[in-house]
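Reviewing the structure listed below.
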Amino acid sequence: MTLRAYRRFFVVAWQFLPLLVAFARDRRRFLVFGTARDVSSEQRRQRAQTLLDSLLTLGPTFIKLGQLLSTRPDVLPPEYIGELTQLQDRVPPAPWPDAKDVIEEELGPLEDAYDNFDTESISGASLGQVYVAEYDDEAVAVKVRRPGIESLVRTDLRVIKFSLPLLMPFVDQAQAFSLETLADEFSTVIRQEMDYHREATMLREIQENFTDDTDILIPSVVDERSTGRILTMEYVGGTKISEVDDIDALGVDRTQLAKTLQEVYLQMIVIDGVFHADPHPGNLAVKPDGTLVFYDFGMSGRVDSFVQNRIVDFYIAIANQDIDGILDALIEMGTLSPEADRQVMANVMELAIADARGEDIGQYRVQQIVGQVEDTIYEFPLRLPPNLALVLRVATVVEGVCVTLDPNFDFIAVATEFLREQGYLQASARQFVEERVDEVDQAVRSSIRLPPKLEQTLDRVDRDSLVVQAELNDPDGVFDRLAKRLVLGMGLTVGLLSTVLLYIADDALGALVVAAISCVIGVLLYRSFRKRRGIRARPQFTRQSMRQQREDESGMNSDSSISLSRED
């Protein structure tokens with residue numbers, strides 16, 4: 001690492017040290033000995049708040065890391081997920097002079113690049129900020145990458161890579177594996193989000209998929225004023241989708257709006273395979289005619305056809321209350337380990353569905369089901385494929401927005417109707433028949449092959465030429481540990497006897513050496529029986545500044561109904 005990276009490492013380590021000590025004490029009450037500690041939900045929530053403060057203090061890269069962690073229930077408990085979702089809100093923008101330098105480095109003098117430019121940012125986020133300007137007599141939104149972010153991200157990625165091995169002793173084996181995959185995923189995601197060329201490409205692709213849909217609107221990209229660090233788009237105003245009173249004042253049907261939102265995301269994920277992955281209320285707006293507007297495509301993802309089909313299976317299984325179908329879909333997607341206790345998982349899913357039904361058995365919400373699955377994923381714990389983690393988060397956030405619009409919104413009914421219109425339910429029935437026909441065919445073939453093979457086996461038994469080979473399955477390494485203890489015990493016995501004999505023979509030096517070796521062997525034998533179980537950082541963002549931003553934002557909303565998204 002460079003000198004800057006070393007300095008940054010100690011700043012990061014100082015911020016996270018209290019949490020690491022707390023985690024170490026959870027495993028060993030007195031750090032190096034003692035039993036494990038029980039940690040309550042309230043303690044986890046307090047630690048999550050501490051983690052949130054540390055991420056805000058460390059700045060843009062770690063804020064983005066926290067946002068990614070908020071989509072990974074296989075890495076963190078639900079209390080942490082709940083706190084880290086606050087990082088989806090706005091953060092203070094960089095000073096205008098610094099942002100202006102970025103614009104002029106990319107496009108030349110500001111007055112030549114745009115006809116008019118409002119220097120007051122309307123949205124600030126961890127990696128960029130948005131301004132309103134005029135170009136060719138049209139209003140445009142200009143997204144500017146945060147000044148100096150490239151070198152800071154490079155340094156922080158080095159620090160994260162260097163710190164990862166130091167974190168492993170504080171987590172379980174399965175979580176350690178998830179952390180390694182998360183680090184690789186984060187490095188890819190944050191570089192992608194800093195590349196506005198990629199965002200423009202994803203925006204155009206999603207826009208083309210909805211060209212004929214008049215119910216939604218996606219801003220167009222102004223190519224001649226867009227680069228890898230600047231993204232200029234059509235400016236589209238609207239009322240923030242969570243402002244239900246203002247939407248009612250427009251006379252828009254909120255139930256239909258929720259249905260449109262849900263169907264759009266089902267099309268993105270199930271049919272198109274490319275989706276807008278950050279549907280929080282700040283990224284969604286409503287025009288006076290009821291058109292749904294999407295902002296900020298910095299966080300977007302893709303799903304392949306295999307995962308699409310499994311998601312369809314998952315939705316259909318939920319609609320049919322088919323517990324085995326839900327578990328099969330989760331296993332095939334890689335979300336649930338095939339080795340997990342299927343009965344336990346079935347009980348969890350049954351309880352989740354029963355809890356979600358409430359008084360009306362016909363309505364239950366996917367958000368509650370997914371929330372229960374997220375909790376279970378952490379407790380086992382399991383890991384999520386990267387894009388599937390985004391899909392899971394999108395499902396919960398979209399359902400939350402839909403319920404804000406219509407408290408009685410029936411997510412399952414809308415999803416079922418959509419899948420039926422697309423022909424998936426019929427296809428599922430046809431697939432079931434085809435699978436049963438294949439099973440009958442295989443059974444017939446097996447019944448024909450079985451008698452000759454049985455006769456051959458009985459002949460071999462009659463000739464005494466049948467050899468049976470047995471393989472011992474020891475996945476937990478019990479026999480390996482027993483063999484190790486046996487060897488160490490024999491070594492310790494020999495060492496003690498040799499020490500006594502050498503001492504009797506007046507060979508003090510030899511006795512001392514052998515005694516030392518015996519002590520080492522004794523320590524190893526003892527361990528084999530044990531159960532495995534001042535630098536300051538200047539805050540770049542604080543929760544107080546986030547609250548101030550929200551107050552300023554609410555003040556602006558009272559003067560104007562125009563809302564644009566931050567970058568995430």
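Letters A, B, ... mark the chains of the structure tokens in the order given; residue numbers begin at 1 per chain; ligand numbers begin at 1, in order shown.
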Q: Step one, run DSSP on the backbone; step two, keep only residues of stretch 30-202 of chain A assigned to strand (DSSP E); then write them as a ChimeraX atom specification.
A: /A:116-117,123-124,128-135,138-145
Q: Quick one: everything within 10 Å of A:Leu65, counting only C-alpha atoms, minus sequence neighbours fewer than 2 positions away in the same chain. Send it as a ChimeraX atom specification.
A: /A:55,60-63,67-70,84,87,182-183,186-187,189-190
Emit the selected residues as a CSV table (one decimal), in the first residue's frame, including N, CA and C atoms.
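Generated file (selection.csv):
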```csv
chain,number,residue,atom,x,y,z
A,55,LEU,N,-19.4,4.9,9.5
A,55,LEU,CA,-19.4,5.0,8.0
A,55,LEU,C,-19.6,6.4,7.5
A,60,PRO,N,-17.4,9.0,1.6
A,60,PRO,CA,-18.2,8.4,0.5
A,60,PRO,C,-18.0,6.9,0.2
A,61,THR,N,-16.8,6.4,0.2
A,61,THR,CA,-16.6,5.0,0.0
A,61,THR,C,-17.3,4.1,1.0
A,62,PHE,N,-17.2,4.5,2.2
A,62,PHE,CA,-17.7,3.7,3.3
A,62,PHE,C,-19.2,3.9,3.4
A,63,ILE,N,-19.7,5.0,3.0
A,63,ILE,CA,-21.2,5.2,2.9
A,63,ILE,C,-21.7,4.3,1.8
A,67,GLN,N,-24.4,1.1,2.2
A,67,GLN,CA,-25.5,1.0,1.4
A,67,GLN,C,-25.6,-0.5,0.8
A,68,LEU,N,-24.4,-1.0,0.4
A,68,LEU,CA,-24.4,-2.3,-0.2
A,68,LEU,C,-24.6,-3.3,0.9
A,69,LEU,N,-24.1,-3.1,2.1
A,69,LEU,CA,-24.3,-4.0,3.3
A,69,LEU,C,-25.8,-4.1,3.6
A,70,SER,N,-26.5,-3.0,3.4
A,70,SER,CA,-27.9,-2.9,3.8
A,70,SER,C,-28.7,-3.8,2.9
A,84,LEU,N,-28.7,0.7,8.6
A,84,LEU,CA,-27.9,1.1,7.4
A,84,LEU,C,-28.8,1.5,6.3
A,87,LEU,N,-28.7,5.2,5.2
A,87,LEU,CA,-27.7,5.7,4.2
A,87,LEU,C,-28.2,5.8,2.8
A,182,LEU,N,-18.4,-10.3,-0.8
A,182,LEU,CA,-18.9,-9.0,-0.7
A,182,LEU,C,-17.8,-7.9,-1.1
A,183,ALA,N,-16.6,-8.2,-0.7
A,183,ALA,CA,-15.5,-7.3,-1.0
A,183,ALA,C,-15.3,-7.2,-2.5
A,186,PHE,N,-18.2,-5.4,-4.0
A,186,PHE,CA,-18.2,-3.9,-3.7
A,186,PHE,C,-17.2,-3.2,-4.7
A,187,SER,N,-16.1,-3.8,-4.9
A,187,SER,CA,-15.1,-3.2,-5.7
A,187,SER,C,-15.6,-3.0,-7.1
A,189,VAL,N,-19.0,-2.9,-8.0
A,189,VAL,CA,-20.2,-2.1,-8.0
A,189,VAL,C,-19.8,-0.6,-7.9
A,190,ILE,N,-18.8,-0.2,-7.0
A,190,ILE,CA,-18.5,1.2,-6.8
A,190,ILE,C,-17.8,1.7,-8.1
```
Q: For stretch 512-529 of chain A, list every protein, DNA or RNA residue within 7 Å, evaluated using only C-alpha atoms, and leave out those in the same chain fewer than 4 positions away; present the list as JSON, numbers by chain.
A: {"A": [485, 488, 489, 492, 495, 496, 499, 508]}
Would you export the selected residues with N, CA and C atoms as a JSON list (two decimals), in the first residue's frame, please?
```json
[["chain", "number", "residue", "atom", "x", "y", "z"],
["A", 485, "ARG", "N", -5.51, -36.47, 18.22],
["A", 485, "ARG", "CA", -5.37, -36.54, 19.67],
["A", 485, "ARG", "C", -4.59, -37.79, 20.09],
["A", 488, "LEU", "N", -0.91, -37.12, 19.35],
["A", 488, "LEU", "CA", -0.37, -36.16, 20.32],
["A", 488, "LEU", "C", -0.23, -36.79, 21.70],
["A", 489, "GLY", "N", -1.23, -37.62, 22.08],
["A", 489, "GLY", "CA", -1.16, -38.29, 23.38],
["A", 489, "GLY", "C", 0.03, -39.23, 23.46],
["A", 492, "LEU", "N", 3.14, -37.14, 23.74],
["A", 492, "LEU", "CA", 3.31, -36.58, 25.08],
["A", 492, "LEU", "C", 3.80, -37.65, 26.05],
["A", 495, "GLY", "N", 7.40, -38.32, 25.36],
["A", 495, "GLY", "CA", 8.20, -37.18, 25.81],
["A", 495, "GLY", "C", 8.41, -37.16, 27.31],
["A", 496, "LEU", "N", 7.34, -37.45, 28.07],
["A", 496, "LEU", "CA", 7.46, -37.44, 29.53],
["A", 496, "LEU", "C", 8.40, -38.55, 30.01],
["A", 499, "THR", "N", 11.93, -37.59, 29.21],
["A", 499, "THR", "CA", 12.42, -36.55, 30.12],
["A", 499, "THR", "C", 12.88, -37.15, 31.44],
["A", 508, "ALA", "N", 20.91, -33.12, 31.91],
["A", 508, "ALA", "CA", 19.97, -32.04, 32.21],
["A", 508, "ALA", "C", 19.54, -31.28, 30.97]]
```
(Q) Quick one: residues within 10 Å of A:Asp272, only C-alpha atoms, excluding same-chain residues fewer than 2 positions away - as a PyMOL selection string? (A) chain A and resi 205-206+209-210+265-270+274-275+302-305+308
Written selection (C-alpha atoms) as an mmCIF file, in the first residue's frame:
```
data_model
loop_
_atom_site.group_PDB
_atom_site.id
_atom_site.type_symbol
_atom_site.label_atom_id
_atom_site.label_comp_id
_atom_site.auth_asym_id
_atom_site.auth_seq_id
_atom_site.Cartn_x
_atom_site.Cartn_y
_atom_site.Cartn_z
ATOM 1 C CA GLU A 205 -31.589 0.047 -22.451
ATOM 2 C CA ILE A 206 -34.333 0.210 -19.828
ATOM 3 C CA ASN A 209 -37.818 -1.661 -23.093
ATOM 4 C CA PHE A 210 -40.662 0.708 -22.160
ATOM 5 C CA TYR A 265 -40.534 -3.986 -11.863
ATOM 6 C CA LEU A 266 -41.928 -7.420 -12.647
ATOM 7 C CA GLN A 267 -41.321 -6.722 -16.332
ATOM 8 C CA MET A 268 -37.801 -5.456 -15.661
ATOM 9 C CA ILE A 269 -36.796 -8.481 -13.593
ATOM 10 C CA VAL A 270 -38.833 -11.368 -15.025
ATOM 11 C CA VAL A 274 -32.223 -5.531 -16.687
ATOM 12 C CA PHE A 275 -33.645 -3.424 -13.866
ATOM 13 C CA ARG A 302 -29.060 -7.757 -14.621
ATOM 14 C CA VAL A 303 -30.504 -11.229 -14.103
ATOM 15 C CA ASP A 304 -29.996 -14.176 -16.416
ATOM 16 C CA SER A 305 -32.774 -16.386 -17.760
ATOM 17 C CA GLN A 308 -35.650 -15.213 -13.987
#
```
Q | One-decimal distance in Å that lies between atom CA of A:Ala415 and atom CA of A:Ala395 | A |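 These two atoms are separated by 11.3 Å.
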List as JSON lines every residue of stretch 233-339 of chain A that is in contact with stretch 126-139 of chain A, defined as an atom at most 12 Å from one of its atoms (using only C-alpha atoms), together with the nearest atom pair and the distance in Å rounded to one decimal, sorted by chain and then rising number.
```
{"residue": "A:Met233", "atom": "CA", "partner": "A:Ala139", "partner_atom": "CA", "distance": 8.9}
{"residue": "A:Glu234", "atom": "CA", "partner": "A:Ala139", "partner_atom": "CA", "distance": 6.8}
{"residue": "A:Tyr235", "atom": "CA", "partner": "A:Ala139", "partner_atom": "CA", "distance": 5.4}
{"residue": "A:Val236", "atom": "CA", "partner": "A:Ala139", "partner_atom": "CA", "distance": 8.3}
{"residue": "A:Gly237", "atom": "CA", "partner": "A:Ala139", "partner_atom": "CA", "distance": 10.0}
{"residue": "A:Tyr295", "atom": "CA", "partner": "A:Val130", "partner_atom": "CA", "distance": 11.1}
{"residue": "A:Asp296", "atom": "CA", "partner": "A:Val130", "partner_atom": "CA", "distance": 10.0}
{"residue": "A:Gly298", "atom": "CA", "partner": "A:Leu127", "partner_atom": "CA", "distance": 9.8}
{"residue": "A:Met299", "atom": "CA", "partner": "A:Leu127", "partner_atom": "CA", "distance": 11.5}
```
Given the selection you just returned, output its residues as a file containing C-alpha atoms, formatted as a PDB file, in the first residue's frame.
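File part.pdb, as written:
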```pdb
ATOM      1  CA  MET A 233     -30.277  14.172 -18.841  1.00  0.00           C
ATOM      2  CA  GLU A 234     -33.669  15.522 -19.728  1.00  0.00           C
ATOM      3  CA  TYR A 235     -35.112  17.356 -16.732  1.00  0.00           C
ATOM      4  CA  VAL A 236     -38.434  15.852 -15.680  1.00  0.00           C
ATOM      5  CA  GLY A 237     -40.301  17.316 -12.742  1.00  0.00           C
ATOM      6  CA  TYR A 295     -34.644   8.802 -11.687  1.00  0.00           C
ATOM      7  CA  ASP A 296     -31.061   7.691 -10.998  1.00  0.00           C
ATOM      8  CA  GLY A 298     -26.492   4.439 -11.076  1.00  0.00           C
ATOM      9  CA  MET A 299     -27.524   1.320  -9.173  1.00  0.00           C
TER      10      MET A 299
END
```
Q: Name the closest residue to A:Tyr424 among the candidates A:Ile271, A:Ala329, A:Ala141, A:Val12; distances are taken between atoms, counting only C-alpha atoms.
A: A:Ile271
Q: Within 9 Å of A:Glu199, counting only C-alpha atoms, which residues show up once you throw out same-chain ones fewer than 3 positions away? Write them as a PyMOL selection string, please.
A: chain A and resi 192-196+202-204+231+296-300
Q: Quote the spacing between atom CA of A:Glu104 and atom CA of A:Asp223 in Å to one decimal place.
A: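 Going from atom CA of A:Glu104 over to atom CA of A:Asp223 covers 16.4 Å.
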(Q) I need the residues in stretch 161-406 of chain A that are alpha helix (DSSP H) according to DSSP; give them as number ranges by chain. (A) A: 161-167, 173-194, 196-209, 244-250, 254-266, 305-319, 323-333, 342-357, 366-379, 386-405
Mind writing the picked residues with C-alpha atoms as a compact mmCIF listing (two decimals), in the first residue's frame?
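Done, and the output landed in again22.txt:
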```
# COMPACT_ATOMS: atom_id res chain seq x y z
CA LYS A 161 -8.61 -5.47 0.82
CA PHE A 162 -5.78 -5.20 3.38
CA SER A 163 -8.21 -5.20 6.34
CA LEU A 164 -10.26 -8.21 5.26
CA PRO A 165 -7.91 -10.90 6.68
CA LEU A 166 -7.90 -9.05 10.01
CA LEU A 167 -11.70 -9.26 10.23
CA GLN A 173 -16.84 -19.27 8.74
CA ALA A 174 -19.91 -18.81 6.55
CA GLN A 175 -19.92 -15.05 7.16
CA ALA A 176 -16.20 -14.93 6.38
CA PHE A 177 -16.92 -16.44 2.97
CA SER A 178 -19.72 -13.92 2.42
CA LEU A 179 -17.41 -11.05 3.37
CA GLU A 180 -14.84 -12.15 0.80
CA THR A 181 -17.46 -12.27 -1.96
CA LEU A 182 -18.91 -8.96 -0.74
CA ALA A 183 -15.50 -7.26 -0.99
CA ASP A 184 -15.12 -8.37 -4.60
CA GLU A 185 -18.69 -7.33 -5.37
CA PHE A 186 -18.22 -3.92 -3.73
CA SER A 187 -15.07 -3.20 -5.74
CA THR A 188 -16.98 -3.91 -8.95
CA VAL A 189 -20.17 -2.06 -7.96
CA ILE A 190 -18.52 1.17 -6.83
CA ARG A 191 -16.39 1.38 -9.99
CA GLN A 192 -19.47 0.80 -12.10
CA GLU A 193 -21.42 3.51 -10.30
CA MET A 194 -18.62 6.03 -10.81
CA TYR A 196 -21.50 7.50 -15.96
CA HIS A 197 -21.00 5.95 -19.39
CA ARG A 198 -22.35 2.70 -17.92
CA GLU A 199 -25.26 4.45 -16.22
CA ALA A 200 -26.20 6.12 -19.51
CA THR A 201 -26.08 2.72 -21.25
CA MET A 202 -28.31 1.06 -18.65
CA LEU A 203 -30.73 4.01 -18.72
CA ARG A 204 -31.08 3.82 -22.52
CA GLU A 205 -31.59 0.05 -22.45
CA ILE A 206 -34.33 0.21 -19.83
CA GLN A 207 -35.90 3.18 -21.61
CA GLU A 208 -36.07 1.22 -24.87
CA ASN A 209 -37.82 -1.66 -23.09
CA VAL A 244 -49.63 10.95 -0.88
CA ASP A 245 -51.53 14.16 -0.04
CA ASP A 246 -50.02 15.96 -3.03
CA ILE A 247 -50.79 12.96 -5.25
CA ASP A 248 -54.40 13.03 -4.07
CA ALA A 249 -54.50 16.75 -4.90
CA LEU A 250 -53.50 15.85 -8.45
CA ARG A 254 -52.95 5.75 -6.02
CA THR A 255 -54.04 2.10 -6.26
CA GLN A 256 -53.51 2.10 -10.02
CA LEU A 257 -50.19 3.88 -9.53
CA ALA A 258 -49.03 1.15 -7.13
CA LYS A 259 -50.12 -1.52 -9.61
CA THR A 260 -48.19 0.21 -12.40
CA LEU A 261 -45.06 0.39 -10.26
CA GLN A 262 -45.26 -3.28 -9.35
CA GLU A 263 -45.86 -4.40 -12.92
CA VAL A 264 -42.97 -2.28 -14.22
CA TYR A 265 -40.53 -3.99 -11.86
CA LEU A 266 -41.93 -7.42 -12.65
CA SER A 305 -32.77 -16.39 -17.76
CA PHE A 306 -32.15 -19.15 -15.20
CA VAL A 307 -32.65 -16.78 -12.25
CA GLN A 308 -35.65 -15.21 -13.99
CA ASN A 309 -37.34 -18.62 -14.23
CA ARG A 310 -36.59 -19.39 -10.60
CA ILE A 311 -38.07 -16.04 -9.53
CA VAL A 312 -41.22 -16.91 -11.46
CA ASP A 313 -41.32 -20.28 -9.67
CA PHE A 314 -40.88 -18.46 -6.35
CA TYR A 315 -43.77 -16.06 -7.01
CA ILE A 316 -46.06 -18.86 -8.18
CA ALA A 317 -45.19 -20.99 -5.13
CA ILE A 318 -46.03 -18.07 -2.81
CA ALA A 319 -49.32 -17.50 -4.61
CA ILE A 323 -43.94 -24.44 0.88
CA ASP A 324 -41.91 -27.10 -0.94
CA GLY A 325 -42.04 -25.01 -4.12
CA ILE A 326 -40.73 -21.95 -2.24
CA LEU A 327 -37.83 -23.93 -0.76
CA ASP A 328 -37.00 -25.56 -4.11
CA ALA A 329 -36.87 -22.15 -5.80
CA LEU A 330 -34.62 -20.73 -3.06
CA ILE A 331 -32.25 -23.71 -3.31
CA GLU A 332 -32.04 -23.51 -7.09
CA MET A 333 -31.33 -19.77 -6.93
CA ARG A 342 -35.59 -28.55 5.21
CA GLN A 343 -38.13 -29.16 7.96
CA VAL A 344 -36.91 -26.17 9.95
CA MET A 345 -37.03 -23.98 6.87
CA ALA A 346 -40.51 -25.25 6.02
CA ASN A 347 -41.66 -24.31 9.52
CA VAL A 348 -40.13 -20.83 9.11
CA MET A 349 -41.90 -20.32 5.79
CA GLU A 350 -45.22 -21.58 7.17
CA LEU A 351 -44.95 -19.19 10.12
CA ALA A 352 -43.99 -16.34 7.80
CA ILE A 353 -46.99 -16.89 5.55
CA ALA A 354 -49.34 -17.37 8.52
CA ASP A 355 -48.04 -14.17 10.10
CA ALA A 356 -48.35 -12.26 6.85
CA ARG A 357 -51.94 -13.37 6.23
CA VAL A 366 -44.05 -10.50 0.09
CA GLN A 367 -42.12 -7.97 2.16
CA GLN A 368 -43.01 -9.80 5.35
CA ILE A 369 -42.14 -13.17 3.82
CA VAL A 370 -38.84 -11.89 2.46
CA GLY A 371 -38.09 -10.26 5.81
CA GLN A 372 -38.52 -13.60 7.57
CA VAL A 373 -36.30 -15.27 4.96
CA GLU A 374 -33.66 -12.56 5.46
CA ASP A 375 -33.66 -13.18 9.21
CA THR A 376 -33.32 -16.93 8.64
CA ILE A 377 -30.54 -16.42 6.10
CA TYR A 378 -28.49 -14.56 8.69
CA GLU A 379 -29.16 -17.02 11.49
CA PRO A 386 -24.86 -10.50 -5.76
CA ASN A 387 -27.60 -9.68 -8.27
CA LEU A 388 -30.12 -11.74 -6.36
CA ALA A 389 -29.41 -9.61 -3.28
CA LEU A 390 -30.41 -6.56 -5.34
CA VAL A 391 -33.55 -8.31 -6.58
CA LEU A 392 -34.50 -9.24 -3.01
CA ARG A 393 -34.02 -5.67 -1.85
CA VAL A 394 -35.93 -4.26 -4.81
CA ALA A 395 -38.90 -6.52 -3.98
CA THR A 396 -39.10 -5.28 -0.38
CA VAL A 397 -38.63 -1.58 -1.21
CA VAL A 398 -41.16 -1.65 -4.06
CA GLU A 399 -43.72 -3.41 -1.88
CA GLY A 400 -43.15 -0.78 0.82
CA VAL A 401 -43.76 2.06 -1.66
CA CYS A 402 -46.89 0.32 -2.96
CA VAL A 403 -48.30 -0.05 0.57
CA THR A 404 -47.58 3.65 1.20
CA LEU A 405 -49.72 4.44 -1.83
```
(Q) For a test of reading the model, state the distance in Å between atom CA of A:Ala113 and atom CA of A:Val221, rounded to one decimal. (A)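 Atom CA of A:Val221 lies at a distance of 15.4 Å from atom CA of A:Ala113.
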**Q.** All residues 8 Å or closer to A:Asp215, only C-alpha atoms, same chain fewer than 6 positions away omitted, as a VMD selection string
**A.** chain A and resid 260 290 to 292
